[in-house]
Amino acid sequence: MGSLPHVVEDCFGLLKLYSDGSISRSTNINFNIPIIDDGSVLWKDYVFDKHHNLHLRLYKPTLASLTKLPVLYYIHAGGFCFGSRTFPNFHNICHRLASGLGVLVVAPDYRLAPEHRLPAAIDDAINSLKWLQTLAMHGDIGCDTWLGDGVVDFDRVFVMGDSSGGNVAHHVALRLGVGLVELEPVRVRGYVLLAPFFGGSVKTRSEEERPCEVFWNLDMYNRFWRLSLPIGGTKDHPLMNPFGPSSPKLAEVNLNPMLVVVGSDEILKDRVEDYAKKLKELAKKIEYVEFEGKQHGFFTDHPFSEVAERVIQIIKGFMAENSD
């Protein structure tokens, strides 16, 4: 008789991968975070991928706008292994973005690893943009009259990714930049990457000197990569390392403007800064902003803090600058 399956990867006791390839996932997560509902934003869920039963949530400011609402996609964090539009922390940040920026926020779910390894999350993000394209081309697709005529400015769309979502946003930009996806009449104007989750075989200085934050640590990050990369993928896989030996040559890609934000005390800080510097050296339009003394999740976890308001204003300026 063979030995019983044993746990080979364990994420917070909520997600376990066993030696025989089986997976157990708990949905009993204690967030202890209240849902924000102050009347300033309306939200509604829609299915964007019936085949995979994937939903997205739209957030619309209640105050009437004199102009059409720009669109901001929010691609959630979670190490590719956790997360949903229904998580209170992600719901609250989308609420904050909609009210603070005066935009229509689109928060799509995506398939999670290890059940669905990368590039599944990227494929799903692209499909959620195609859902918006269908809405732009054909109008009502199950949105009843909630959006109404002339509410949405499909010519001003921005994609924001948070941590692993920032990685997804990068790869969305890459696919659009090389012409693999056609979204007309939807026009993506730029990307906002909040501490995008990248990695590589060579550790950065911040990874060496600061492998632990208050909550996150490098071991957790490595575990997420083992669970989410394609089977056999190395630490320089193109989905992990945008400048790895087999990664696409970004000099040849027509990338839209990017705003890259990170905290100075993040494990990922040097890797994110290096990403922005290399893109700038390639003559890409990149704005890099670093927040002193902040750790991973400082914006998402505290959406109504003073520093969060500064992030909101920076995003607002970035969107205005790239809307002409």
# chains A, B, ... in the order shown; residues from 1 in each chain; ligands from 1
$ select_by_dssp --residues "region 170-247 of chain A" --states "strand (DSSP E)" --output "list of chain:residue names"
A:Val188, A:Arg189, A:Gly190, A:Tyr191, A:Val192, A:Leu193, A:Leu194
$ closest_atom_pairs --of "region 99-164 of chain A" --to "region 7-21 of chain A" --cutoff "10 Å" --atoms "only C-alpha atoms" --output "CSV"
residue,atom,partner,partner_atom,distance
A:Ala113,CA,A:Leu15,CA,10.0
A:Pro114,CA,A:Leu17,CA,8.0
A:Glu115,CA,A:Leu17,CA,9.6
$ residues_around --residues "region 218-222 of chain A" --least-positions-apart "3" --cutoff "10 Å" --atoms "only C-alpha atoms" --output "MDAnalysis selection string"
chainID A and resid 10:12 79 197:199 207:208 210:213 215 225:228 235 267:268
$ closest_residue --among "A:Asp236, A:Asp162, A:Asp153, A:Glu273" --to "Phe299 (chain A)" --atoms "only C-alpha atoms"
A:Asp162
$ closest_residue --among "A:Gly150, A:Pro119, A:Gly102, A:Pro257" --to "His237 (chain A)" --atoms "only C-alpha atoms"
A:Pro119
$ residues_around --residues "Asn53 (chain A)" --least-positions-apart "4" --cutoff "12 Å" --atoms "only C-alpha atoms" --output "ChimeraX atom specification"
/A:46-49,108-111,124
$ residues_around --residues "Val289 (chain A)" --least-positions-apart "4" --cutoff "12 Å" --atoms "only C-alpha atoms" --output "ChimeraX atom specification"
/A:192-195,258-264,269,272-273,276-277,294,310-311,314-315,318
$ write_last_selection --atoms "N, CA and C atoms" --output "CSV table (one decimal), in the first residue's frame"
chain,number,residue,atom,x,y,z
A,192,VAL,N,-2.2,51.6,-13.6
A,192,VAL,CA,-1.7,51.9,-12.3
A,192,VAL,C,-1.3,50.6,-11.6
A,193,LEU,N,-0.1,50.5,-11.2
A,193,LEU,CA,0.5,49.3,-10.6
A,193,LEU,C,0.8,49.6,-9.2
A,194,LEU,N,0.1,49.0,-8.2
A,194,LEU,CA,0.4,49.1,-6.8
A,194,LEU,C,1.3,48.0,-6.4
A,195,ALA,N,2.5,48.2,-6.1
A,195,ALA,CA,3.5,47.2,-5.7
A,195,ALA,C,3.3,45.9,-6.5
A,258,MET,N,2.3,54.3,-17.5
A,258,MET,CA,2.1,53.6,-16.3
A,258,MET,C,2.4,54.4,-15.1
A,259,LEU,N,1.6,54.3,-14.0
A,259,LEU,CA,1.9,54.8,-12.7
A,259,LEU,C,2.3,53.7,-11.8
A,260,VAL,N,3.5,53.7,-11.2
A,260,VAL,CA,3.9,52.6,-10.4
A,260,VAL,C,4.1,53.1,-9.0
A,261,VAL,N,3.5,52.5,-8.0
A,261,VAL,CA,3.5,52.9,-6.6
A,261,VAL,C,3.9,51.8,-5.7
A,262,VAL,N,4.8,52.2,-4.7
A,262,VAL,CA,5.3,51.2,-3.8
A,262,VAL,C,5.6,51.9,-2.5
A,263,GLY,N,5.7,51.1,-1.4
A,263,GLY,CA,6.1,51.6,-0.1
A,263,GLY,C,7.6,51.4,0.1
A,264,SER,N,8.3,52.3,0.8
A,264,SER,CA,9.8,52.2,0.9
A,264,SER,C,10.2,51.0,1.7
A,269,LYS,N,10.1,46.4,-2.7
A,269,LYS,CA,10.5,47.8,-3.1
A,269,LYS,C,11.5,47.9,-4.2
A,272,VAL,N,10.4,46.5,-7.6
A,272,VAL,CA,9.4,47.4,-8.2
A,272,VAL,C,10.1,48.7,-8.8
A,273,GLU,N,11.0,49.2,-8.0
A,273,GLU,CA,11.8,50.4,-8.5
A,273,GLU,C,12.6,50.0,-9.7
A,276,ALA,N,10.4,50.0,-12.8
A,276,ALA,CA,10.1,51.3,-13.3
A,276,ALA,C,11.3,51.9,-14.0
A,277,LYS,N,12.5,51.8,-13.4
A,277,LYS,CA,13.7,52.3,-14.0
A,277,LYS,C,14.0,51.7,-15.3
A,294,LYS,N,6.2,53.0,4.4
A,294,LYS,CA,5.0,52.2,4.2
A,294,LYS,C,5.3,50.7,3.7
A,310,ARG,N,-3.6,60.7,-0.4
A,310,ARG,CA,-2.5,61.2,-1.3
A,310,ARG,C,-2.4,60.3,-2.5
A,311,VAL,N,-2.6,59.0,-2.3
A,311,VAL,CA,-2.6,58.0,-3.4
A,311,VAL,C,-3.7,58.4,-4.4
A,314,ILE,N,-2.8,61.3,-6.5
A,314,ILE,CA,-1.8,61.0,-7.5
A,314,ILE,C,-2.4,60.2,-8.7
A,315,ILE,N,-3.3,59.3,-8.4
A,315,ILE,CA,-4.0,58.6,-9.4
A,315,ILE,C,-4.9,59.5,-10.3
A,318,PHE,N,-2.7,61.4,-12.6
A,318,PHE,CA,-2.3,60.5,-13.7
A,318,PHE,C,-3.4,60.3,-14.7
$ closest_atom_pairs --of "region 54-109 of chain A" --to "region 22-37 of chain A" --cutoff "8 Å" --atoms "only C-alpha atoms" --output "CSV"
residue,atom,partner,partner_atom,distance
A:Pro88,CA,A:Ile35,CA,5.6
A:Asn89,CA,A:Ile33,CA,6.9
A:His91,CA,A:Ile35,CA,7.4
A:Asn92,CA,A:Ile36,CA,5.8
A:His95,CA,A:Ile36,CA,7.5
$ residues_around --residues "Arg175 (chain A)" --least-positions-apart "6" --cutoff "12 Å" --atoms "only C-alpha atoms" --output "number ranges by chain"
A: 119, 122-123, 125-126, 168-169, 181-183, 248, 250, 253-256
$ write_last_selection --atoms "N, CA and C atoms" --output "tab-separated table (two decimals), in the first residue's frame"
chain	number	residue	atom	x	y	z
A	119	PRO	N	-1.27	31.21	-17.00
A	119	PRO	CA	-1.79	32.58	-17.15
A	119	PRO	C	-3.32	32.72	-17.03
A	122	ILE	N	-4.60	36.14	-16.09
A	122	ILE	CA	-4.41	37.14	-17.14
A	122	ILE	C	-5.46	36.96	-18.23
A	123	ASP	N	-5.73	35.73	-18.60
A	123	ASP	CA	-6.77	35.45	-19.59
A	123	ASP	C	-8.11	36.00	-19.12
A	125	ALA	N	-8.68	38.45	-16.95
A	125	ALA	CA	-8.67	39.92	-16.95
A	125	ALA	C	-8.94	40.45	-18.36
A	126	ILE	N	-8.33	39.82	-19.34
A	126	ILE	CA	-8.57	40.21	-20.74
A	126	ILE	C	-10.04	40.00	-21.09
A	168	VAL	N	-0.71	41.03	-13.09
A	168	VAL	CA	-1.72	40.77	-14.13
A	168	VAL	C	-1.86	41.99	-15.04
A	169	ALA	N	-1.92	43.19	-14.43
A	169	ALA	CA	-2.06	44.42	-15.22
A	169	ALA	C	-0.89	44.60	-16.17
A	181	VAL	N	-4.73	41.68	-28.67
A	181	VAL	CA	-6.14	41.87	-28.30
A	181	VAL	C	-6.64	43.17	-28.90
A	182	GLU	N	-7.82	43.12	-29.48
A	182	GLU	CA	-8.45	44.31	-30.05
A	182	GLU	C	-9.68	44.65	-29.23
A	183	LEU	N	-9.75	45.88	-28.72
A	183	LEU	CA	-10.83	46.25	-27.80
A	183	LEU	C	-11.69	47.40	-28.30
A	248	PRO	N	9.58	38.60	-22.87
A	248	PRO	CA	9.46	39.43	-24.08
A	248	PRO	C	10.34	40.67	-23.98
A	250	LEU	N	10.73	44.19	-23.96
A	250	LEU	CA	9.77	45.26	-23.76
A	250	LEU	C	10.09	46.50	-24.58
A	253	VAL	N	7.69	46.71	-27.38
A	253	VAL	CA	6.26	46.71	-27.07
A	253	VAL	C	5.76	48.14	-26.89
A	254	ASN	N	4.62	48.43	-27.49
A	254	ASN	CA	4.00	49.75	-27.38
A	254	ASN	C	3.18	49.81	-26.09
A	255	LEU	N	3.83	50.17	-24.99
A	255	LEU	CA	3.16	50.20	-23.69
A	255	LEU	C	2.51	51.56	-23.45
A	256	ASN	N	1.30	51.53	-22.94
A	256	ASN	CA	0.64	52.76	-22.53
A	256	ASN	C	1.28	53.28	-21.25
$ decode --residues "region 53-67 of chain A" --atoms "all heavy atoms" --output "PDB file, in the first residue's frame"
ATOM      1  N   ASN A  53     -17.980  30.767 -14.881  1.00  0.00           N
ATOM      2  CA  ASN A  53     -18.801  31.333 -13.798  1.00  0.00           C
ATOM      3  C   ASN A  53     -18.060  32.449 -13.067  1.00  0.00           C
ATOM      4  O   ASN A  53     -17.993  32.488 -11.831  1.00  0.00           O
ATOM      5  CB  ASN A  53     -19.233  30.244 -12.805  1.00  0.00           C
ATOM      6  CG  ASN A  53     -20.316  30.732 -11.854  1.00  0.00           C
ATOM      7  OD1 ASN A  53     -21.147  31.563 -12.209  1.00  0.00           O
ATOM      8  ND2 ASN A  53     -20.312  30.226 -10.640  1.00  0.00           N
ATOM      9  N   LEU A  54     -17.532  33.382 -13.834  1.00  0.00           N
ATOM     10  CA  LEU A  54     -16.791  34.511 -13.268  1.00  0.00           C
ATOM     11  C   LEU A  54     -17.647  35.767 -13.277  1.00  0.00           C
ATOM     12  O   LEU A  54     -18.313  36.072 -14.274  1.00  0.00           O
ATOM     13  CB  LEU A  54     -15.510  34.759 -14.062  1.00  0.00           C
ATOM     14  CG  LEU A  54     -14.422  33.687 -13.939  1.00  0.00           C
ATOM     15  CD1 LEU A  54     -13.286  33.986 -14.913  1.00  0.00           C
ATOM     16  CD2 LEU A  54     -13.894  33.617 -12.508  1.00  0.00           C
ATOM     17  N   HIS A  55     -17.605  36.484 -12.163  1.00  0.00           N
ATOM     18  CA  HIS A  55     -18.390  37.693 -12.000  1.00  0.00           C
ATOM     19  C   HIS A  55     -17.474  38.913 -11.879  1.00  0.00           C
ATOM     20  O   HIS A  55     -16.292  38.805 -11.560  1.00  0.00           O
ATOM     21  CB  HIS A  55     -19.264  37.614 -10.745  1.00  0.00           C
ATOM     22  CG  HIS A  55     -20.300  36.539 -10.791  1.00  0.00           C
ATOM     23  ND1 HIS A  55     -19.987  35.187 -10.719  1.00  0.00           N
ATOM     24  CD2 HIS A  55     -21.658  36.617 -10.894  1.00  0.00           C
ATOM     25  CE1 HIS A  55     -21.109  34.483 -10.776  1.00  0.00           C
ATOM     26  NE2 HIS A  55     -22.123  35.324 -10.881  1.00  0.00           N
ATOM     27  N   LEU A  56     -18.059  40.056 -12.123  1.00  0.00           N
ATOM     28  CA  LEU A  56     -17.402  41.323 -11.833  1.00  0.00           C
ATOM     29  C   LEU A  56     -18.388  42.201 -11.085  1.00  0.00           C
ATOM     30  O   LEU A  56     -19.599  41.977 -11.122  1.00  0.00           O
ATOM     31  CB  LEU A  56     -16.872  42.008 -13.093  1.00  0.00           C
ATOM     32  CG  LEU A  56     -17.826  42.291 -14.268  1.00  0.00           C
ATOM     33  CD1 LEU A  56     -18.739  43.489 -14.013  1.00  0.00           C
ATOM     34  CD2 LEU A  56     -17.032  42.512 -15.550  1.00  0.00           C
ATOM     35  N   ARG A  57     -17.865  43.197 -10.401  1.00  0.00           N
ATOM     36  CA  ARG A  57     -18.705  44.131  -9.665  1.00  0.00           C
ATOM     37  C   ARG A  57     -18.438  45.546 -10.180  1.00  0.00           C
ATOM     38  O   ARG A  57     -17.288  45.953 -10.323  1.00  0.00           O
ATOM     39  CB  ARG A  57     -18.429  44.045  -8.166  1.00  0.00           C
ATOM     40  CG  ARG A  57     -19.286  44.970  -7.304  1.00  0.00           C
ATOM     41  CD  ARG A  57     -19.161  44.617  -5.821  1.00  0.00           C
ATOM     42  NE  ARG A  57     -19.816  43.330  -5.530  1.00  0.00           N
ATOM     43  CZ  ARG A  57     -19.822  42.749  -4.328  1.00  0.00           C
ATOM     44  NH1 ARG A  57     -19.209  43.347  -3.306  1.00  0.00           N
ATOM     45  NH2 ARG A  57     -20.430  41.595  -4.140  1.00  0.00           N
ATOM     46  N   LEU A  58     -19.530  46.252 -10.481  1.00  0.00           N
ATOM     47  CA  LEU A  58     -19.440  47.637 -10.906  1.00  0.00           C
ATOM     48  C   LEU A  58     -19.748  48.553  -9.723  1.00  0.00           C
ATOM     49  O   LEU A  58     -20.671  48.290  -8.949  1.00  0.00           O
ATOM     50  CB  LEU A  58     -20.425  47.927 -12.035  1.00  0.00           C
ATOM     51  CG  LEU A  58     -20.314  47.093 -13.307  1.00  0.00           C
ATOM     52  CD1 LEU A  58     -21.328  47.569 -14.335  1.00  0.00           C
ATOM     53  CD2 LEU A  58     -18.909  47.141 -13.882  1.00  0.00           C
ATOM     54  N   TYR A  59     -18.981  49.625  -9.608  1.00  0.00           N
ATOM     55  CA  TYR A  59     -19.172  50.639  -8.568  1.00  0.00           C
ATOM     56  C   TYR A  59     -19.376  51.985  -9.246  1.00  0.00           C
ATOM     57  O   TYR A  59     -18.528  52.413 -10.041  1.00  0.00           O
ATOM     58  CB  TYR A  59     -17.950  50.725  -7.654  1.00  0.00           C
ATOM     59  CG  TYR A  59     -17.635  49.463  -6.882  1.00  0.00           C
ATOM     60  CD1 TYR A  59     -16.961  48.402  -7.481  1.00  0.00           C
ATOM     61  CD2 TYR A  59     -17.986  49.342  -5.544  1.00  0.00           C
ATOM     62  CE1 TYR A  59     -16.660  47.250  -6.773  1.00  0.00           C
ATOM     63  CE2 TYR A  59     -17.681  48.194  -4.818  1.00  0.00           C
ATOM     64  CZ  TYR A  59     -17.020  47.154  -5.446  1.00  0.00           C
ATOM     65  OH  TYR A  59     -16.719  46.011  -4.737  1.00  0.00           O
ATOM     66  N   LYS A  60     -20.494  52.634  -8.926  1.00  0.00           N
ATOM     67  CA  LYS A  60     -20.834  53.903  -9.565  1.00  0.00           C
ATOM     68  C   LYS A  60     -21.126  54.955  -8.503  1.00  0.00           C
ATOM     69  O   LYS A  60     -21.940  54.715  -7.600  1.00  0.00           O
ATOM     70  CB  LYS A  60     -22.058  53.711 -10.464  1.00  0.00           C
ATOM     71  CG  LYS A  60     -22.526  54.973 -11.175  1.00  0.00           C
ATOM     72  CD  LYS A  60     -23.701  54.687 -12.085  1.00  0.00           C
ATOM     73  CE  LYS A  60     -24.959  54.373 -11.279  1.00  0.00           C
ATOM     74  NZ  LYS A  60     -26.166  54.311 -12.127  1.00  0.00           N
ATOM     75  N   PRO A  61     -20.480  56.130  -8.600  1.00  0.00           N
ATOM     76  CA  PRO A  61     -20.790  57.200  -7.640  1.00  0.00           C
ATOM     77  C   PRO A  61     -22.261  57.590  -7.736  1.00  0.00           C
ATOM     78  O   PRO A  61     -22.832  57.624  -8.835  1.00  0.00           O
ATOM     79  CB  PRO A  61     -19.877  58.350  -8.074  1.00  0.00           C
ATOM     80  CG  PRO A  61     -18.819  57.718  -8.920  1.00  0.00           C
ATOM     81  CD  PRO A  61     -19.446  56.534  -9.568  1.00  0.00           C
ATOM     82  N   THR A  62     -22.879  57.889  -6.607  1.00  0.00           N
ATOM     83  CA  THR A  62     -24.296  58.266  -6.614  1.00  0.00           C
ATOM     84  C   THR A  62     -24.501  59.704  -7.062  1.00  0.00           C
ATOM     85  O   THR A  62     -25.557  60.042  -7.603  1.00  0.00           O
ATOM     86  CB  THR A  62     -24.917  58.087  -5.213  1.00  0.00           C
ATOM     87  OG1 THR A  62     -24.127  58.809  -4.262  1.00  0.00           O
ATOM     88  CG2 THR A  62     -24.956  56.623  -4.824  1.00  0.00           C
ATOM     89  N   LEU A  63     -23.488  60.569  -6.834  1.00  0.00           N
ATOM     90  CA  LEU A  63     -23.617  61.959  -7.261  1.00  0.00           C
ATOM     91  C   LEU A  63     -23.596  62.048  -8.780  1.00  0.00           C
ATOM     92  O   LEU A  63     -22.745  61.453  -9.449  1.00  0.00           O
ATOM     93  CB  LEU A  63     -22.480  62.803  -6.679  1.00  0.00           C
ATOM     94  CG  LEU A  63     -22.529  63.058  -5.165  1.00  0.00           C
ATOM     95  CD1 LEU A  63     -21.310  63.861  -4.729  1.00  0.00           C
ATOM     96  CD2 LEU A  63     -23.813  63.773  -4.776  1.00  0.00           C
ATOM     97  N   ALA A  64     -24.541  62.780  -9.331  1.00  0.00           N
ATOM     98  CA  ALA A  64     -24.630  62.919 -10.783  1.00  0.00           C
ATOM     99  C   ALA A  64     -23.382  63.603 -11.324  1.00  0.00           C
ATOM    100  O   ALA A  64     -22.863  64.547 -10.728  1.00  0.00           O
ATOM    101  CB  ALA A  64     -25.875  63.717 -11.147  1.00  0.00           C
ATOM    102  N   SER A  65     -22.903  63.109 -12.442  1.00  0.00           N
ATOM    103  CA  SER A  65     -21.733  63.684 -13.095  1.00  0.00           C
ATOM    104  C   SER A  65     -22.164  64.468 -14.328  1.00  0.00           C
ATOM    105  O   SER A  65     -23.073  64.056 -15.055  1.00  0.00           O
ATOM    106  CB  SER A  65     -20.750  62.583 -13.493  1.00  0.00           C
ATOM    107  OG  SER A  65     -19.674  63.111 -14.235  1.00  0.00           O
ATOM    108  N   LEU A  66     -21.518  65.610 -14.539  1.00  0.00           N
ATOM    109  CA  LEU A  66     -21.827  66.413 -15.721  1.00  0.00           C
ATOM    110  C   LEU A  66     -21.177  65.850 -16.970  1.00  0.00           C
ATOM    111  O   LEU A  66     -21.517  66.244 -18.086  1.00  0.00           O
ATOM    112  CB  LEU A  66     -21.360  67.864 -15.496  1.00  0.00           C
ATOM    113  CG  LEU A  66     -22.030  68.609 -14.329  1.00  0.00           C
ATOM    114  CD1 LEU A  66     -21.425  70.000 -14.172  1.00  0.00           C
ATOM    115  CD2 LEU A  66     -23.535  68.685 -14.526  1.00  0.00           C
ATOM    116  N   THR A  67     -20.230  64.941 -16.784  1.00  0.00           N
ATOM    117  CA  THR A  67     -19.553  64.302 -17.915  1.00  0.00           C
ATOM    118  C   THR A  67     -19.653  62.787 -17.767  1.00  0.00           C
ATOM    119  O   THR A  67     -20.016  62.269 -16.710  1.00  0.00           O
ATOM    120  CB  THR A  67     -18.074  64.718 -17.982  1.00  0.00           C
ATOM    121  OG1 THR A  67     -17.438  64.334 -16.754  1.00  0.00           O
ATOM    122  CG2 THR A  67     -17.944  66.226 -18.162  1.00  0.00           C
TER     123      THR A  67
END
